[in-house]
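model.cif (mmCIF, C-alpha atoms)
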```cif
data_data
loop_
_atom_site.label_atom_id
_atom_site.label_comp_id
_atom_site.auth_asym_id
_atom_site.auth_seq_id
_atom_site.Cartn_x
_atom_site.Cartn_y
_atom_site.Cartn_z
CA MET K 1 23.07 -29.32 -21.25
CA GLN K 2 21.30 -26.49 -19.54
CA LYS K 3 18.41 -25.02 -21.50
CA THR K 4 18.23 -21.24 -21.95
CA ILE K 5 14.97 -19.53 -22.78
CA ASP K 6 15.03 -16.10 -24.39
CA ALA K 7 12.15 -14.05 -22.97
CA CYS K 8 13.59 -10.63 -23.76
CA GLY K 9 10.96 -8.26 -25.06
CA LYS K 10 8.17 -10.45 -23.68
CA ALA K 11 5.63 -8.66 -21.54
CA CYS K 12 4.68 -9.85 -18.07
CA PRO K 13 3.51 -12.54 -17.36
CA ILE K 14 4.99 -14.35 -20.41
CA PRO K 15 8.46 -14.94 -18.83
CA VAL K 16 6.79 -16.44 -15.77
CA ILE K 17 4.57 -18.65 -17.94
CA LEU K 18 7.60 -19.86 -19.92
CA ALA K 19 9.51 -20.66 -16.72
CA LYS K 20 6.47 -22.35 -15.19
CA LYS K 21 6.26 -24.64 -18.25
CA GLU K 22 9.80 -25.86 -17.58
CA ILE K 23 9.06 -26.33 -13.89
CA ASP K 24 5.86 -28.23 -14.64
CA ALA K 25 7.82 -30.43 -17.03
CA GLY K 26 10.17 -31.24 -14.15
CA VAL K 27 13.25 -29.59 -15.68
CA PRO K 28 15.63 -29.28 -12.72
CA LEU K 29 17.98 -26.69 -14.19
CA PHE K 30 17.38 -24.01 -16.78
CA SER K 31 17.99 -20.33 -17.46
CA ILE K 32 15.69 -17.65 -18.69
CA GLN K 33 16.75 -14.30 -20.09
CA VAL K 34 14.63 -11.19 -19.54
CA ASP K 35 15.20 -7.49 -20.05
CA ASN K 36 13.48 -5.84 -17.11
CA GLU K 37 13.61 -5.83 -13.34
CA ILE K 38 9.90 -6.61 -12.88
CA ALA K 39 10.30 -9.88 -14.76
CA VAL K 40 13.30 -10.73 -12.56
CA GLN K 41 11.30 -10.11 -9.40
CA ASN K 42 8.39 -12.17 -10.68
CA LEU K 43 10.74 -15.03 -11.55
CA ARG K 44 12.34 -14.77 -8.10
CA ARG K 45 8.98 -15.05 -6.40
CA MET K 46 7.97 -17.98 -8.53
CA ALA K 47 11.26 -19.75 -7.87
CA GLU K 48 10.71 -19.32 -4.16
CA ASN K 49 7.16 -20.65 -4.36
CA GLN K 50 8.14 -23.58 -6.58
CA HIS K 51 11.14 -24.60 -4.46
CA TYR K 52 13.70 -23.53 -7.01
CA GLN K 53 16.83 -21.60 -6.22
CA GLU K 54 17.45 -18.69 -8.54
CA THR K 55 20.59 -16.73 -9.30
CA VAL K 56 20.62 -13.61 -11.40
CA THR K 57 23.36 -12.13 -13.54
CA GLU K 58 23.02 -8.97 -15.60
CA VAL K 59 25.01 -7.98 -18.66
CA GLY K 60 24.08 -4.92 -20.70
CA GLY K 61 20.51 -4.78 -19.46
CA VAL K 62 19.85 -8.49 -20.10
CA TYR K 63 19.19 -10.47 -16.95
CA THR K 64 19.90 -14.18 -16.93
CA VAL K 65 17.93 -15.93 -14.24
CA SER K 66 19.24 -19.43 -13.53
CA MET K 67 16.69 -21.71 -11.92
CA ARG K 68 17.84 -24.78 -10.04
CA LYS K 69 15.48 -27.13 -8.29
CA PHE K 70 16.14 -27.78 -4.62
CA GLY K 71 16.82 -31.44 -3.99
CA SER K 72 17.50 -32.25 -7.64
CA ALA K 73 20.46 -34.44 -8.58
CA GLU K 74 22.02 -31.43 -10.24
CA SER K 75 21.57 -29.21 -7.25
CA GLN K 76 24.70 -28.48 -5.32
CA GLN K 77 22.79 -26.88 -2.48
CA ASP K 78 20.45 -29.57 -1.23
CA ILE K 79 20.85 -28.34 2.27
CA ALA K 80 19.52 -24.87 1.49
CA PRO K 81 16.30 -24.44 3.40
CA VAL K 82 13.12 -23.81 1.47
CA PRO K 83 12.03 -20.31 2.36
CA VAL K 84 8.73 -20.10 4.13
CA ARG K 85 6.54 -17.40 2.66
CA SER K 86 3.34 -16.08 4.05
CA VAL K 87 1.89 -16.28 0.57
CA ARG K 88 1.96 -20.05 0.93
CA GLY K 89 -0.55 -19.84 3.71
CA VAL K 90 1.77 -19.48 6.69
CA SER K 91 0.99 -16.57 8.92
CA ALA K 92 3.44 -13.70 8.82
CA GLY K 93 2.13 -12.15 12.01
CA PRO K 94 -1.09 -11.37 13.81
CA ALA K 95 -2.91 -10.87 10.53
CA GLY K 96 -6.05 -12.91 9.85
CA ASN K 97 -6.51 -15.18 6.86
CA TRP K 98 -8.23 -12.69 4.64
CA ALA K 99 -7.36 -10.30 1.87
CA ILE K 100 -8.11 -6.81 0.67
CA PHE K 101 -8.28 -6.41 -3.08
CA ALA K 102 -7.82 -2.78 -4.15
CA ALA K 103 -8.45 -2.70 -7.89
CA LYS K 104 -8.75 1.05 -8.21
CA ASP K 105 -7.24 4.14 -6.63
CA THR K 106 -10.52 5.41 -5.23
CA LEU K 107 -13.14 3.94 -2.93
CA GLY K 108 -16.53 3.34 -4.47
CA THR K 109 -17.89 4.90 -7.62
CA GLY K 110 -18.92 8.53 -7.96
CA ASP K 111 -16.86 11.62 -7.46
CA GLU K 112 -13.15 10.82 -7.80
CA THR K 113 -11.98 13.43 -5.28
CA LEU K 114 -14.33 12.05 -2.68
CA GLY K 115 -13.32 8.48 -3.60
CA SER K 116 -9.67 9.41 -3.16
CA SER K 117 -10.37 10.89 0.29
CA LEU K 118 -12.39 7.82 1.29
CA ILE K 119 -9.67 5.36 0.36
CA ARG K 120 -7.09 7.32 2.36
CA MET K 121 -9.37 7.23 5.37
CA PHE K 122 -10.07 3.55 4.82
CA PHE K 123 -6.37 2.68 5.03
CA TYR K 124 -5.93 5.04 7.98
CA THR K 125 -8.70 3.21 9.83
CA LEU K 126 -7.37 -0.20 8.82
CA ALA K 127 -3.88 0.70 10.09
CA GLN K 128 -5.40 1.56 13.48
CA SER K 129 -7.48 -1.61 13.59
CA GLU K 130 -6.78 -4.89 15.40
CA ASP K 131 -8.39 -7.03 12.71
CA LEU K 132 -5.82 -7.06 9.94
CA PRO K 133 -5.73 -8.83 6.60
CA ARG K 134 -2.86 -11.11 5.69
CA TRP K 135 -2.71 -9.74 2.15
CA ILE K 136 -3.38 -6.37 0.62
CA VAL K 137 -3.38 -6.63 -3.15
CA PHE K 138 -3.20 -3.68 -5.54
CA MET K 139 -4.21 -4.04 -9.15
CA ASN K 140 -5.11 -1.83 -12.11
CA SER K 141 -5.19 1.84 -11.02
CA GLY K 142 -5.03 0.67 -7.39
CA VAL K 143 -1.25 0.30 -7.84
CA LYS K 144 -0.99 4.11 -7.99
CA LEU K 145 -1.81 4.22 -4.28
CA ALA K 146 1.45 2.39 -3.49
CA VAL K 147 3.35 4.75 -5.79
CA SER K 148 2.20 8.29 -5.35
CA ASP K 149 -0.29 8.64 -2.52
CA GLU K 150 1.93 9.59 0.41
CA GLN K 151 -0.86 9.21 2.94
CA VAL K 152 -1.82 5.71 1.80
CA VAL K 153 1.87 4.72 1.61
CA ALA K 154 2.35 5.83 5.23
CA HIS K 155 -0.62 3.71 6.35
CA LEU K 156 0.64 0.75 4.32
CA LYS K 157 4.01 1.00 6.06
CA VAL K 158 2.24 0.63 9.40
CA LEU K 159 0.26 -2.32 8.06
CA GLN K 160 3.37 -3.98 6.67
CA ASP K 161 5.12 -3.57 10.02
CA LYS K 162 2.15 -5.28 11.64
CA GLY K 163 2.58 -8.30 9.37
CA CYS K 164 0.40 -7.61 6.34
CA GLU K 165 1.85 -8.64 3.01
CA ILE K 166 1.44 -6.02 0.30
CA LEU K 167 1.38 -7.27 -3.27
CA VAL K 168 1.43 -4.90 -6.23
CA CYS K 169 0.62 -6.01 -9.78
CA GLY K 170 3.74 -5.63 -11.94
CA THR K 171 1.77 -5.61 -15.19
CA CYS K 172 -0.26 -2.68 -13.91
CA LEU K 173 2.81 -0.74 -12.72
CA ASN K 174 4.26 -1.27 -16.16
CA PHE K 175 1.05 -0.22 -17.93
CA TYR K 176 0.81 3.05 -16.01
CA GLU K 177 4.60 3.48 -16.37
CA VAL K 178 5.07 4.02 -12.65
CA GLN K 179 7.18 0.97 -11.72
CA ASP K 180 10.18 3.12 -10.77
CA GLY K 181 8.15 5.02 -8.19
CA LEU K 182 6.85 2.08 -6.16
CA GLN K 183 7.25 3.06 -2.51
CA ILE K 184 5.95 0.00 -0.72
CA GLY K 185 5.01 -3.61 -1.34
CA THR K 186 6.33 -6.44 -3.44
CA ILE K 187 5.95 -6.45 -7.20
CA SER K 188 3.82 -9.46 -7.95
CA ASN K 189 2.08 -11.28 -10.78
CA MET K 190 -1.28 -12.85 -11.55
CA TYR K 191 -0.19 -16.29 -10.30
CA ASP K 192 0.66 -15.09 -6.81
CA ILE K 193 -2.25 -12.68 -6.66
CA ALA K 194 -4.78 -15.29 -7.78
CA THR K 195 -3.30 -17.76 -5.26
CA CYS K 196 -3.72 -15.27 -2.41
CA LEU K 197 -7.30 -14.51 -3.35
CA GLN K 198 -8.07 -18.23 -3.62
CA LYS K 199 -6.48 -19.07 -0.29
CA ALA K 200 -8.09 -16.23 1.63
CA ASP K 201 -11.11 -17.05 3.76
CA LYS K 202 -12.65 -13.79 2.64
CA VAL K 203 -11.72 -11.10 0.17
CA LEU K 204 -12.76 -7.52 0.70
CA THR K 205 -12.87 -5.83 -2.70
CA LEU K 206 -12.58 -2.06 -2.60
CA MET I 1 0.52 9.74 21.39
CA ASP I 2 -1.35 13.04 21.30
CA PHE I 3 -2.10 14.60 17.97
CA GLY I 4 -4.08 17.41 16.43
CA VAL I 5 -7.09 17.32 14.12
CA ILE I 6 -9.05 19.80 12.09
CA THR I 7 -12.73 19.00 11.70
CA PHE I 8 -15.06 20.59 9.19
CA VAL I 9 -18.70 21.43 8.75
CA SER I 10 -18.65 20.25 5.15
CA THR I 11 -16.84 17.59 3.16
CA HIS I 12 -16.02 20.10 0.44
CA ALA I 13 -14.30 22.39 2.96
CA ALA I 14 -12.30 19.41 4.24
CA ILE I 15 -11.09 18.41 0.80
CA ARG I 16 -10.28 21.98 -0.24
CA THR I 17 -8.32 22.54 2.98
CA GLN I 18 -6.39 19.29 2.58
CA ASN I 19 -5.40 20.26 -0.97
CA TYR I 20 -4.13 23.58 0.37
CA LEU I 21 -2.43 22.38 3.54
CA GLU I 22 -0.63 19.41 2.01
CA ARG I 23 1.36 21.85 -0.12
CA HIS I 24 2.81 23.34 3.07
CA LEU I 25 2.48 20.82 5.89
CA LYS I 26 2.25 17.11 6.56
CA VAL I 27 -1.40 16.31 7.16
CA SER I 28 -3.29 13.07 6.86
CA MET I 29 -6.96 12.45 6.19
CA MET I 30 -8.78 10.42 8.81
CA PRO I 31 -12.39 9.70 9.69
CA THR I 32 -13.75 12.19 12.21
CA LEU I 33 -13.55 10.71 15.70
CA ARG I 34 -16.79 9.53 17.27
CA GLU I 35 -15.91 11.73 20.25
CA ILE I 36 -16.34 14.81 18.08
CA SER I 37 -20.00 14.69 17.30
CA GLN I 38 -20.32 17.73 15.09
CA GLY I 39 -19.03 18.09 11.59
CA CYS I 40 -18.51 16.05 8.47
CA GLY I 41 -16.83 12.64 8.28
CA ILE I 42 -13.44 13.87 7.06
CA SER I 43 -10.84 15.28 9.45
CA LEU I 44 -7.22 16.23 8.90
CA ARG I 45 -4.68 14.90 11.35
CA PHE I 46 -1.39 16.67 12.09
CA ALA I 47 1.48 16.39 14.55
CA LEU I 48 0.94 18.60 17.60
CA ASP I 49 4.27 20.36 17.24
CA MET I 50 2.82 21.88 14.08
CA ALA I 51 -0.30 23.22 15.81
CA GLU I 52 0.73 26.85 15.67
CA ASN I 53 1.79 26.53 12.05
CA VAL I 54 -1.54 24.87 11.20
CA GLN I 55 -3.47 27.66 12.87
CA GLN I 56 -1.52 30.30 10.96
CA ARG I 57 -2.01 28.47 7.69
CA MET I 58 -5.74 28.22 8.31
CA VAL I 59 -5.90 31.99 8.83
CA LYS I 60 -3.97 32.48 5.58
CA PHE I 61 -6.26 30.04 3.78
CA ASP I 62 -9.08 32.31 4.88
CA LEU I 63 -11.67 29.58 5.40
CA ASP I 64 -14.69 30.88 7.28
CA PRO I 65 -13.92 30.14 10.97
CA GLN I 66 -17.43 28.81 11.37
CA LEU I 67 -16.63 26.00 8.96
CA TYR I 68 -13.89 24.29 10.95
CA SER I 69 -12.46 23.53 14.39
CA ILE I 70 -9.00 22.56 15.55
CA TYR I 71 -8.61 20.05 18.39
CA ARG I 72 -5.85 18.55 20.46
CA ILE I 73 -6.54 14.84 20.90
CA HIS I 74 -5.17 13.17 24.01
CA VAL I 75 -5.19 9.40 24.05
CA GLU I 76 -5.70 7.78 27.45
CA ASN I 77 -6.38 4.09 27.99
CA GLY I 78 -7.47 3.78 24.39
CA LYS I 79 -9.96 6.63 24.78
CA TYR I 80 -9.79 9.97 23.02
CA ILE I 81 -10.05 13.14 25.06
CA THR I 82 -10.64 16.22 22.94
CA GLU I 83 -9.68 19.81 23.65
CA ARG I 84 -10.72 22.56 21.26
CA LEU I 85 -7.80 24.79 20.26
CA GLY I 86 -9.53 27.16 17.88
CA PRO I 87 -10.42 29.09 15.96
CA GLU I 88 -11.92 31.57 18.38
CA GLU I 89 -15.69 31.61 18.34
CA PRO I 90 -16.84 33.98 15.62
CA ARG I 91 -18.04 37.37 16.78
CA PRO I 92 -21.80 37.83 16.79
#
```

Represent the structure contained in this file as structure tokens.
Amino acid sequence: MQKTIDACGKACPIPVILAKKEIDAGVPLFSIQVDNEIAVQNLRRMAENQHYQETVTEVGGVYTVSMRKFGSAESQQDIAPVPVRSVRGVSAGPAGNWAIFAAKDTLGTGDETLGSSLIRMFFYTLAQSEDLPRWIVFMNSGVKLAVSDEQVVAHLKVLQDKGCEILVCGTCLNFYEVQDGLQIGTISNMYDIATCLQKADKVLTL
Amino acid sequence: MDFGVITFVSTHAAIRTQNYLERHLKVSMMPTLREISQGCGISLRFALDMAENVQQRMVKFDLDPQLYSIYRIHVENGKYITERLGPEEPRP
């Protein structure tokens, strides 16, 4: 019988950890219930990375994410191709194998207004550059850049179009209560973010 | 594609102007081009079709004309060619 895990009310990344436990134990088919969209997106990304197929149903604000392993005896969709994601180390475009880690919404320490101007100009310059990172990761107050800084968002759109993958920490969006305003990037979690930073040949921390 | 920039003598003037202009117009902070040797490191970029509007706003903002310059930037073969649009040189 299919196992169902109740992760409603559990903060990120607990639902992902609970699902990962099942995956690590080799459970080919299970469901996990969560009560927010960020958790659903995190579970989707993990399913993709772990070669599971996920389907989501929502009733009264409770999302049931069914996870089914590709190639398992219980899978009815063995022929479904495993999606190739740039996060797994496959190039998404002309971007190099390096990452930018923006852990705050200003550049450097000192005056915040100056720091805010500097980070806008940094992303402007990066968007004009030929040497592009594969990943741009936003964490802690850095996530606010992808939410409310129109200038940085415009530069990030250019960078995304050029093949950069933009990952935004879901826990941080939730903490600052700005998840509804995210304008660009994919809501991500510590697993994916740590994997990117580990796989990158170099990480530029802002 | 050609675009316009405002350059400034001081960083504080640049930041104050950006805070004012962004309430009325779409401007974007960028590092001052190497081709424009004078001024601080912060410039404001705008679309050329807004040039007149930008000039009017700058007059309204009442920033000392000696503290900023407005340029048209023409891009040719990856090089920037600058043309100063204003403000008029201050009277002696």

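Using all atoms listed in the file, the nearest neighbour of Met58 in chain I within the list I:His74, I:His12, I:Leu21, I:Asp2 is I:Leu21.
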
Which neighbours of range 101-111 of chain K fall inside 6 Å, counting all atoms listed in the file, when residues of the same chain fewer than 2 positions from it are skipped, and could you give them as an MDAnalysis selection string?
chainID K and resid 113:116 118:119 137:142 145 204:206

Atoms kept (C-alpha atoms) for selection, written as a JSON list (two decimals), in the coordinates of the input:
```
[["chain", "number", "residue", "atom", "x", "y", "z"],
["K", 113, "THR", "CA", -11.98, 13.43, -5.28],
["K", 114, "LEU", "CA", -14.33, 12.05, -2.68],
["K", 115, "GLY", "CA", -13.32, 8.48, -3.60],
["K", 116, "SER", "CA", -9.67, 9.41, -3.16],
["K", 118, "LEU", "CA", -12.39, 7.82, 1.29],
["K", 119, "ILE", "CA", -9.67, 5.36, 0.36],
["K", 137, "VAL", "CA", -3.38, -6.63, -3.15],
["K", 138, "PHE", "CA", -3.20, -3.68, -5.54],
["K", 139, "MET", "CA", -4.21, -4.04, -9.15],
["K", 140, "ASN", "CA", -5.11, -1.83, -12.11],
["K", 141, "SER", "CA", -5.19, 1.84, -11.02],
["K", 142, "GLY", "CA", -5.03, 0.67, -7.39],
["K", 145, "LEU", "CA", -1.81, 4.22, -4.28],
["K", 204, "LEU", "CA", -12.76, -7.52, 0.70],
["K", 205, "THR", "CA", -12.87, -5.83, -2.70],
["K", 206, "LEU", "CA", -12.58, -2.06, -2.60]]
```

Give me, as number ranges by chain, the residues of chain I touching chain K, with the criterion being at most 12 Å (counting all atoms listed in the file).
I: 11-16, 18-19, 22, 26-33, 41-46, 78

Tell me, as a ChimeraX atom specification, which residues lie within 8 Å of Gly39 in chain I, counting all atoms listed in the file; anything in the same chain fewer than 2 positions away does not count.
/I:7-10,32,36-37,41

Tell me, as a PyMOL selection string, which residues lie within 7 Å of Pro87 in chain I, counting all atoms listed in the file; anything in the same chain fewer than 2 positions away does not count.
chain I and resi 65+69-70+85+89

Take the point (0.3, 28.7, 12.7) in the file's coordinates, draw a sphere of radius 12 Å around it, and report as an NGL selection string every protein, DNA or RNA residue with an atom inside or on it, counting only C-alpha atoms.
:I and (21 or 24-25 or 48-61 or 70 or 85-87)

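Residues surrounding Arg84 in chain I within 10 Å are Gly4, Val5, Ile6, Ser69, Ile70, Tyr71, Arg72, Ile73 and Glu88 of chain I [all atoms listed in the file; sequence separation below 4 positions excluded].
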
Just C-alpha atoms for this one: save the residues we selected as a short mmCIF file (atom, residue, chain, number, x, y, z; two decimals), in the coordinates of the input.
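Heads up, here's the output in result.cif:
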```
data_model
loop_
_atom_site.label_atom_id
_atom_site.label_comp_id
_atom_site.auth_asym_id
_atom_site.auth_seq_id
_atom_site.Cartn_x
_atom_site.Cartn_y
_atom_site.Cartn_z
CA GLY I 4 -4.08 17.41 16.43
CA VAL I 5 -7.09 17.32 14.12
CA ILE I 6 -9.05 19.80 12.09
CA SER I 69 -12.46 23.53 14.39
CA ILE I 70 -9.00 22.56 15.55
CA TYR I 71 -8.61 20.05 18.39
CA ARG I 72 -5.85 18.55 20.46
CA ILE I 73 -6.54 14.84 20.90
CA GLU I 88 -11.92 31.57 18.38
#
```

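Across the structure, CA of Val56 in chain K and CA of Arg44 in chain K are spaced 9.0 Å apart.
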
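Going from CA of Tyr20 in chain I to CA of Lys157 in chain K covers 24.7 Å.
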
Padding 8 Å on each side, edges along x, y and z: where is the centre of the box around the listed atoms of range 22-30 of chain I, and how long are its edges in Å to one decimal? Output it as AutoDock Vina command-line options.
```
--center_x -3.0 --center_y 16.9 --center_z 4.3 --size_x 27.6 --size_y 28.9 --size_z 24.9
```
